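Next comes run.txt, a file with compact mmCIF, C-alpha atoms.
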# COMPACT_ATOMS: atom_id res chain seq x y z
CA MET A 28 12.45 26.88 3.85
CA ARG A 29 12.04 25.63 7.38
CA TYR A 30 8.65 24.04 8.00
CA LEU A 31 6.93 23.40 11.31
CA ILE A 32 4.97 20.15 11.26
CA THR A 33 2.72 19.67 14.26
CA GLY A 34 1.99 15.99 14.78
CA GLY A 35 5.05 15.26 12.66
CA SER A 36 5.82 11.93 14.33
CA GLY A 37 2.43 10.56 13.35
CA PHE A 38 1.77 8.37 10.35
CA ILE A 39 1.15 11.11 7.79
CA GLY A 40 3.39 13.66 9.51
CA SER A 41 6.44 11.40 9.42
CA HIS A 42 6.02 10.81 5.68
CA LEU A 43 5.61 14.56 5.12
CA SER A 44 8.74 15.25 7.18
CA GLU A 45 10.73 12.74 5.17
CA ARG A 46 9.50 14.08 1.81
CA LEU A 47 10.39 17.67 2.69
CA LEU A 48 13.86 16.67 3.89
CA ASN A 49 14.40 14.72 0.68
CA GLU A 50 13.51 17.87 -1.24
CA GLY A 51 16.21 19.83 0.60
CA GLN A 52 13.95 21.62 3.10
CA SER A 53 14.31 21.86 6.88
CA VAL A 54 11.74 20.43 9.26
CA LEU A 55 10.88 21.15 12.89
CA VAL A 56 8.50 18.53 14.28
CA LEU A 57 6.38 19.33 17.32
CA ASP A 58 4.67 16.25 18.76
CA ASP A 59 3.70 15.08 22.24
CA LEU A 60 4.04 11.43 21.10
CA SER A 61 0.59 10.59 22.46
CA THR A 62 -0.69 9.05 19.22
CA GLY A 63 2.41 9.57 17.10
CA ARG A 64 5.43 7.34 17.64
CA TYR A 65 9.10 8.19 17.95
CA GLU A 66 9.84 5.13 15.81
CA ASN A 67 8.21 6.92 12.86
CA VAL A 68 10.90 9.62 12.83
CA ALA A 69 13.82 7.81 14.45
CA GLN A 70 15.48 7.37 11.05
CA LEU A 71 15.31 11.15 10.52
CA GLU A 72 17.24 12.01 13.69
CA GLY A 73 20.69 13.21 12.79
CA ARG A 74 19.74 14.28 9.28
CA THR A 75 20.66 17.84 8.35
CA GLY A 76 17.69 20.13 8.80
CA PHE A 77 15.62 17.86 11.08
CA GLU A 78 14.62 18.63 14.66
CA LEU A 79 12.07 17.01 16.97
CA ARG A 80 10.64 18.82 19.97
CA VAL A 81 8.40 16.86 22.32
CA GLY A 82 5.47 18.96 23.47
CA SER A 83 1.83 19.73 22.88
CA VAL A 84 0.16 22.10 20.45
CA THR A 85 -2.00 23.22 23.36
CA GLU A 86 1.06 24.94 24.95
CA PRO A 87 0.96 28.54 23.63
CA ARG A 88 4.50 29.56 24.55
CA LEU A 89 6.05 26.46 23.00
CA VAL A 90 3.97 26.75 19.83
CA GLU A 91 4.84 30.42 19.45
CA GLU A 92 8.56 29.66 19.70
CA CYS A 93 8.26 26.99 17.02
CA VAL A 94 6.16 29.11 14.66
CA LYS A 95 8.52 32.06 15.02
CA GLU A 96 11.48 29.90 13.95
CA CYS A 97 9.79 28.58 10.79
CA GLN A 98 8.52 30.06 7.54
CA ALA A 99 5.35 27.94 7.18
CA VAL A 100 3.25 25.51 9.22
CA PHE A 101 1.68 22.16 8.42
CA HIS A 102 -0.81 21.59 11.25
CA LEU A 103 -1.46 17.85 11.46
CA ALA A 104 -1.62 17.36 15.24
CA SER A 105 -5.01 15.90 16.16
CA ALA A 106 -6.81 13.07 17.85
CA VAL A 107 -6.90 10.14 15.42
CA GLY A 108 -9.12 7.13 14.83
CA VAL A 109 -12.70 6.24 15.63
CA ARG A 110 -11.76 4.23 18.72
CA LEU A 111 -9.95 7.14 20.36
CA VAL A 112 -12.80 9.49 19.49
CA VAL A 113 -15.35 7.19 21.14
CA GLU A 114 -13.26 6.27 24.18
CA GLN A 115 -11.65 9.67 24.92
CA PRO A 116 -14.06 12.36 23.70
CA VAL A 117 -12.77 15.10 26.02
CA LYS A 118 -9.19 14.64 24.83
CA THR A 119 -10.44 14.54 21.25
CA ILE A 120 -12.27 17.86 21.44
CA GLU A 121 -9.64 19.68 23.51
CA THR A 122 -6.70 18.57 21.37
CA ILE A 123 -8.37 19.49 18.12
CA VAL A 124 -10.05 22.79 19.00
CA ASN A 125 -7.55 24.18 21.52
CA GLY A 126 -4.53 23.07 19.51
CA THR A 127 -5.73 24.66 16.29
CA ASP A 128 -6.61 27.90 18.07
CA VAL A 129 -3.10 28.10 19.55
CA VAL A 130 -1.43 27.37 16.20
CA LEU A 131 -3.53 29.92 14.31
CA ARG A 132 -2.94 32.64 16.91
CA ALA A 133 0.82 32.14 16.67
CA ALA A 134 0.70 32.03 12.88
CA ALA A 135 -1.35 35.21 12.81
CA ARG A 136 1.20 36.99 15.01
CA TYR A 137 4.10 36.13 12.69
CA ARG A 138 2.10 36.00 9.42
CA ARG A 139 3.07 32.41 8.67
CA PRO A 140 1.19 30.39 6.02
CA VAL A 141 -0.70 27.48 7.59
CA LEU A 142 -2.07 24.30 6.04
CA ILE A 143 -4.60 22.55 8.28
CA THR A 144 -5.47 18.92 7.69
CA SER A 145 -9.18 18.35 8.13
CA THR A 146 -11.17 15.22 7.36
CA SER A 147 -13.90 13.70 5.25
CA GLU A 148 -15.71 13.22 8.56
CA VAL A 149 -16.96 16.82 8.33
CA TYR A 150 -19.43 15.76 5.63
CA GLY A 151 -21.18 13.76 8.34
CA LYS A 152 -24.25 11.80 7.27
CA SER A 153 -24.65 13.55 3.93
CA GLU A 154 -26.03 11.21 1.26
CA LYS A 155 -24.88 13.36 -1.67
CA ILE A 156 -22.12 11.35 -3.39
CA PRO A 157 -19.42 12.26 -4.26
CA PHE A 158 -18.70 14.85 -1.56
CA ALA A 159 -17.74 18.27 -2.94
CA GLU A 160 -16.14 21.00 -0.84
CA GLY A 161 -19.19 23.27 -1.02
CA ASP A 162 -21.69 20.59 0.03
CA ASP A 163 -23.69 20.74 3.26
CA CYS A 164 -22.32 19.04 6.35
CA VAL A 165 -24.96 16.83 7.98
CA MET A 166 -24.04 16.04 11.58
CA GLY A 167 -25.58 13.59 14.01
CA PRO A 168 -26.85 14.44 17.51
CA THR A 169 -24.52 15.73 20.23
CA ASN A 170 -25.34 12.81 22.51
CA THR A 171 -23.64 10.45 20.04
CA ARG A 172 -19.89 10.72 20.71
CA ARG A 173 -19.13 9.60 17.15
CA TRP A 174 -19.81 13.13 15.89
CA ALA A 175 -17.53 14.99 18.32
CA TYR A 176 -14.54 14.54 16.01
CA ALA A 177 -16.39 15.75 12.92
CA CYS A 178 -17.77 18.81 14.68
CA ALA A 179 -14.39 19.70 16.21
CA LYS A 180 -12.66 19.47 12.82
CA ALA A 181 -15.43 21.55 11.23
CA LEU A 182 -14.84 24.20 13.90
CA ASP A 183 -11.13 24.13 12.98
CA GLU A 184 -12.12 24.95 9.41
CA PHE A 185 -14.44 27.77 10.48
CA LEU A 186 -11.70 29.27 12.67
CA ALA A 187 -9.02 29.05 9.99
CA LEU A 188 -11.28 30.63 7.37
CA ALA A 189 -12.26 33.34 9.85
CA HIS A 190 -8.57 34.28 10.16
CA TRP A 191 -8.39 34.39 6.35
CA HIS A 192 -11.48 36.59 6.18
CA GLU A 193 -10.43 39.04 8.88
CA SER A 194 -6.69 39.42 8.27
CA ARG A 195 -5.91 37.43 5.11
CA LEU A 196 -3.80 35.01 7.15
CA PRO A 197 -2.68 32.58 4.41
CA VAL A 198 -4.51 29.37 5.35
CA VAL A 199 -5.29 26.25 3.34
CA ILE A 200 -7.60 23.43 4.43
CA ALA A 201 -7.12 19.87 3.18
CA ARG A 202 -9.90 17.37 3.85
CA LEU A 203 -8.25 13.96 3.85
CA PHE A 204 -10.08 10.78 2.88
CA ASN A 205 -8.82 7.53 4.48
CA THR A 206 -5.07 7.83 4.07
CA VAL A 207 -3.18 4.52 4.23
CA GLY A 208 0.39 3.25 3.89
CA PRO A 209 3.52 2.07 5.71
CA ARG A 210 3.84 3.04 9.40
CA GLN A 211 0.11 3.28 9.95
CA THR A 212 -1.10 1.36 12.96
CA GLY A 213 -4.45 -0.30 13.56
CA ARG A 214 -4.25 0.73 17.19
CA TYR A 215 -7.02 3.33 16.90
CA GLY A 216 -9.30 1.42 14.57
CA MET A 217 -7.74 2.11 11.14
CA VAL A 218 -9.24 -0.62 9.02
CA ILE A 219 -6.55 -1.67 6.52
CA PRO A 220 -3.62 -2.09 8.94
CA ARG A 221 -5.99 -3.89 11.33
CA PHE A 222 -7.21 -6.28 8.61
CA VAL A 223 -3.65 -6.96 7.42
CA ALA A 224 -2.38 -7.65 10.94
CA GLN A 225 -5.24 -10.07 11.57
CA GLY A 226 -4.69 -11.80 8.24
CA LEU A 227 -0.95 -12.21 8.77
CA ALA A 228 -1.60 -13.70 12.21
CA GLY A 229 -4.24 -16.08 10.84
CA GLU A 230 -6.82 -14.52 13.14
CA PRO A 231 -10.42 -13.73 12.15
CA ILE A 232 -10.65 -10.53 10.12
CA THR A 233 -13.23 -8.49 12.01
CA VAL A 234 -15.61 -6.37 9.94
CA PHE A 235 -17.53 -3.82 11.97
CA GLY A 236 -21.15 -3.20 11.01
CA ASP A 237 -22.60 -5.23 8.14
CA GLY A 238 -19.64 -4.66 5.80
CA ARG A 239 -21.72 -2.99 3.11
CA GLN A 240 -20.39 0.45 3.98
CA SER A 241 -17.81 1.63 1.44
CA ARG A 242 -14.69 3.78 1.58
CA CYS A 243 -11.98 5.15 -0.71
CA PHE A 244 -8.34 4.69 0.30
CA ALA A 245 -5.41 6.88 -0.78
CA HIS A 246 -1.70 6.13 -0.45
CA VAL A 247 0.15 8.40 1.95
CA SER A 248 2.76 9.27 -0.69
CA ASP A 249 0.03 10.78 -2.88
CA ILE A 250 -1.40 12.71 0.05
CA VAL A 251 1.87 14.31 1.19
CA GLY A 252 2.66 15.34 -2.38
CA ALA A 253 -0.67 17.13 -2.57
CA LEU A 254 -0.16 18.83 0.80
CA ILE A 255 3.20 20.23 -0.31
CA ALA A 256 1.78 21.41 -3.64
CA LEU A 257 -1.16 23.15 -1.96
CA MET A 258 1.10 24.90 0.54
CA ALA A 259 3.24 26.19 -2.33
CA ASN A 260 0.33 27.50 -4.44
CA PRO A 261 -0.88 31.03 -3.54
CA LYS A 262 -4.22 30.32 -5.24
CA ALA A 263 -4.96 27.67 -2.59
CA ARG A 264 -5.11 30.19 0.24
CA GLY A 265 -8.48 30.69 1.83
CA GLU A 266 -9.78 27.53 0.17
CA VAL A 267 -10.86 23.99 1.14
CA PHE A 268 -9.75 20.95 -0.86
CA ASN A 269 -10.64 17.27 -0.81
CA ILE A 270 -7.59 15.01 -1.10
CA GLY A 271 -7.87 11.25 -1.47
CA ASN A 272 -8.69 8.56 -3.98
CA ASP A 273 -12.09 8.05 -5.61
CA GLU A 274 -11.71 4.27 -6.07
CA GLU A 275 -14.54 2.91 -3.92
CA VAL A 276 -14.64 -0.48 -2.18
CA SER A 277 -17.02 -2.05 0.35
CA ILE A 278 -15.49 -3.08 3.65
CA ILE A 279 -16.57 -6.71 3.22
CA ALA A 280 -14.90 -6.79 -0.22
CA LEU A 281 -11.81 -5.22 1.32
CA ALA A 282 -11.73 -7.95 3.95
CA GLU A 283 -11.92 -10.63 1.24
CA ARG A 284 -9.02 -9.06 -0.65
CA VAL A 285 -6.89 -8.88 2.47
CA LYS A 286 -7.77 -12.48 3.33
CA THR A 287 -6.54 -13.63 -0.08
CA LEU A 288 -3.37 -11.52 0.07
CA THR A 289 -2.43 -12.85 3.50
CA GLY A 290 -2.78 -16.52 2.60
CA GLY A 291 -6.48 -17.20 3.00
CA LYS A 292 -6.26 -18.80 6.44
CA SER A 293 -8.38 -16.21 8.26
CA SER A 294 -12.13 -16.31 8.57
CA ILE A 295 -14.18 -13.12 8.26
CA ARG A 296 -16.24 -12.24 11.31
CA ILE A 297 -19.01 -9.64 11.31
CA VAL A 298 -19.02 -7.56 14.52
CA PRO A 299 -21.98 -5.25 15.29
CA TYR A 300 -21.08 -1.60 15.89
CA SER A 301 -22.55 -1.84 19.39
CA GLU A 302 -20.00 -4.53 20.23
CA ALA A 303 -17.06 -2.89 18.43
CA TYR A 304 -17.60 0.61 19.80
CA THR A 305 -20.67 1.58 21.80
CA ALA A 306 -24.45 1.39 21.77
CA GLY A 307 -26.00 3.87 19.35
CA PHE A 308 -22.84 4.19 17.23
CA GLU A 309 -23.52 5.71 13.80
CA ASP A 310 -21.48 5.39 10.62
CA MET A 311 -21.63 6.69 7.06
CA VAL A 312 -22.68 4.26 4.35
CA ARG A 313 -20.45 5.78 1.65
CA ARG A 314 -17.60 8.29 1.67
CA VAL A 315 -16.38 9.27 -1.79
CA PRO A 316 -14.48 12.48 -2.62
CA ASP A 317 -15.08 14.78 -5.54
CA LEU A 318 -11.50 15.61 -6.58
CA THR A 319 -12.36 18.11 -9.30
CA LYS A 320 -11.20 21.18 -7.39
CA VAL A 321 -7.77 19.88 -6.38
CA ARG A 322 -7.21 18.46 -9.86
CA ARG A 323 -7.89 21.81 -11.46
CA LEU A 324 -5.50 23.70 -9.18
CA ILE A 325 -2.50 21.39 -8.78
CA GLY A 326 -3.16 18.58 -11.27
CA TYR A 327 -3.64 16.04 -8.49
CA TYR A 328 -4.33 12.44 -9.47
CA PRO A 329 -3.73 9.44 -7.20
CA THR A 330 -0.84 7.32 -8.49
CA ARG A 331 -1.40 4.21 -6.35
CA ASN A 332 -4.50 2.01 -6.59
CA LEU A 333 -5.91 -0.15 -3.82
CA ASP A 334 -3.93 -3.25 -4.79
CA GLU A 335 -0.68 -1.28 -4.57
CA ILE A 336 -1.72 0.24 -1.24
CA LEU A 337 -2.50 -3.19 0.22
CA ALA A 338 0.81 -4.58 -1.05
CA ASP A 339 2.72 -1.73 0.63
CA VAL A 340 0.95 -2.18 3.96
CA LEU A 341 1.42 -5.95 3.80
CA ALA A 342 5.15 -5.59 3.08
CA ASP A 343 5.56 -3.07 5.88
CA GLN A 344 3.81 -5.23 8.46
CA ALA A 345 5.63 -8.37 7.32
CA VAL A 346 8.96 -6.61 7.85
CA GLY A 347 7.83 -5.37 11.25
CA ALA A 348 6.77 -8.85 12.29
CA ALA A 349 10.08 -10.31 11.13
CA GLY A 350 12.02 -7.64 12.99
Take the structure from the file and write it as structure tokens.
Amino acid sequence: MRYLITGGSGFIGSHLSERLLNEGQSVLVLDDLSTGRYENVAQLEGRTGFELRVGSVTEPRLVEECVKECQAVFHLASAVGVRLVVEQPVKTIETIVNGTDVVLRAAARYRRPVLITSTSEVYGKSEKIPFAEGDDCVMGPTNTRRWAYACAKALDEFLALAHWHESRLPVVIARLFNTVGPRQTGRYGMVIPRFVAQGLAGEPITVFGDGRQSRCFAHVSDIVGALIALMANPKARGEVFNIGNDEEVSIIALAERVKTLTGGKSSIRIVPYSEAYTAGFEDMVRRVPDLTKVRRLIGYYPTRNLDEILADVLADQAVGAAG
């Protein structure tokens, strides 16, 4: 099989590319390198079956060429991170909505299976915990930029499922919950790599909000394994699946763990959302996935707990700092 991976030089995409190559598949990565990094796939250059093309998923002719040459598509290209969403809302919406439309149109023309990575953000401000795939999505107001990303990704899901409904285009939607691991950067606000970098540097570990909000973190190796399994399973088509870890931790407790792991020299500083992002910023108090559906279909269980995830990120950043 030759797979097209849009956004394949990003954090998750590069791990997916590497896993598929290790399994003997071929990979064509399409990435404009705006949020992804060439360094993430540099070690794959020259390997049999790997190709990188630099370009945007919003370019119809380019996307069509790539889709035509492959047998299936992992569509990961997207705006990433809360900071980018808040600071560049136009780019966020256009990249997500226009890019997915272009990919789905090309896939529909050539009847290529497509897996679209969505996000736990689509659950919005829902207070029903854990989040199940059939639960209501509760969005905030349109004048709060925080919700642009969630709404755009929800529209991606609607569009993909519309293609499934009208023409049985084989689509799968994976809602990812806080994926973490080596190669992830804190550049766009990702909390664990940011905390680890601050701890290693002996700087204050900055907790946004009051720190009582909680999240569940999954290792990227678990996530890419699930993506591949869902793509391969015909029963996944036309369906939405949560993928993540259901081990919950508060952000203030996470900061304390990172402080200890990095030597205990850092202080912990609470930063109001209005200072970290923008006035009127809203966040979810808890975000916990119900993994029942994905477990039943592909037997998915996370294999790495939070301590192992933190150790991997710490080792990766320590090597990067030394290099």
*One decimal, Å: what's the distance from CA of Cys164 in chain A over to CA of Thr146 in chain A, could you say?*
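Interatomic distance, CA of Cys164 in chain A to CA of Thr146 in chain A: 11.8 Å.
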*Residues at most 12 Å from Arg80 in chain A, counting all atoms listed in the file, excluding those fewer than 3 positions away in the same chain, as a list of chain:residue names?*
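So the residues in contact are A:Leu31, A:Ile32, A:Thr33, A:Gly34, A:Gly35, A:Ser36, A:Val54, A:Leu55, A:Val56, A:Leu57, A:Asp58, A:Asp59, A:Leu60, A:Tyr65, A:Val68, A:Glu72, A:Phe77, A:Ser83, A:Val84, A:Leu89, A:Val90, A:Glu92, A:Cys93.
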_Residues within 10 Å of Val199 in chain A, please, as a ChimeraX atom specification. Count all atoms listed in the file; anything in the same chain fewer than 4 positions from it doesn't count._
/A:101,140-144,184,187-188,191,254,257-258,260-268
*Restricting the calculation to all atoms listed in the file, which member of A:Glu309, A:Glu148, A:Glu302, A:Asp183 is positioned closest to Gly167 in chain A?*
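Smallest separation from Gly167 in chain A among the options: A:Glu309.
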*Quick one: residues within 7 Å of range 281-297 of chain A, all atoms listed in the file counted, chain neighbours fewer than 2 positions away excluded, as a ChimeraX atom specification?*
/A:222-223,226-227,229-237,276-279,299
*So which one's closest to Thr212 in chain A, A:Arg64, A:Arg29, A:His102, A:Arg331? Using only C-alpha atoms, please.*
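Among A:Arg64, A:Arg29, A:His102, A:Arg331, it is A:Arg64 that comes nearest to Thr212 in chain A.
Considering only C-alpha atoms, the residue among A:Asn272, A:Gln52, A:Ser41, A:Gln344 positioned nearest to Phe204 in chain A is A:Asn272.
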*Kindly give the distance, in Å, that separates CA of Glu86 in chain A and CA of Glu193 in chain A, rounded to a single decimal.*
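Between CA of Glu86 in chain A and CA of Glu193 in chain A the gap is 24.3 Å.
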_Just to confirm, what's the straight-line distance from CA of Gln211 in chain A to CA of Phe38 in chain A in Å (one decimal)?_
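Here the two named atoms are 5.4 Å from each other.
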_Considering all atoms listed in the file, can you say which of A:Ala345, A:Arg136, A:Tyr176, A:Leu103 comes closest to Glu121 in chain A?_
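Closest to Glu121 in chain A of all the choices is A:Tyr176.
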*Smallest atom-to-atom distance to Ser44 in chain A: which of A:Val198, A:Ala280, A:Leu318, A:Leu71, using all atoms listed in the file?*
A:Leu71
*Selected residue of minimal separation from Lys180 in chain A among A:Gly126, A:Gly252, A:Gly326, A:Gly76, counting only C-alpha atoms*: A:Gly126
Sorted per-residue table, range 36-139 of chain A near range 169-172 of chain A, closest atoms and distance, 8 Å, only C-alpha atoms, as CSV:
residue,atom,partner,partner_atom,distance
A:Val112,CA,A:Arg172,CA,7.3
A:Val113,CA,A:Arg172,CA,5.8
A:Pro116,CA,A:Arg172,CA,6.8
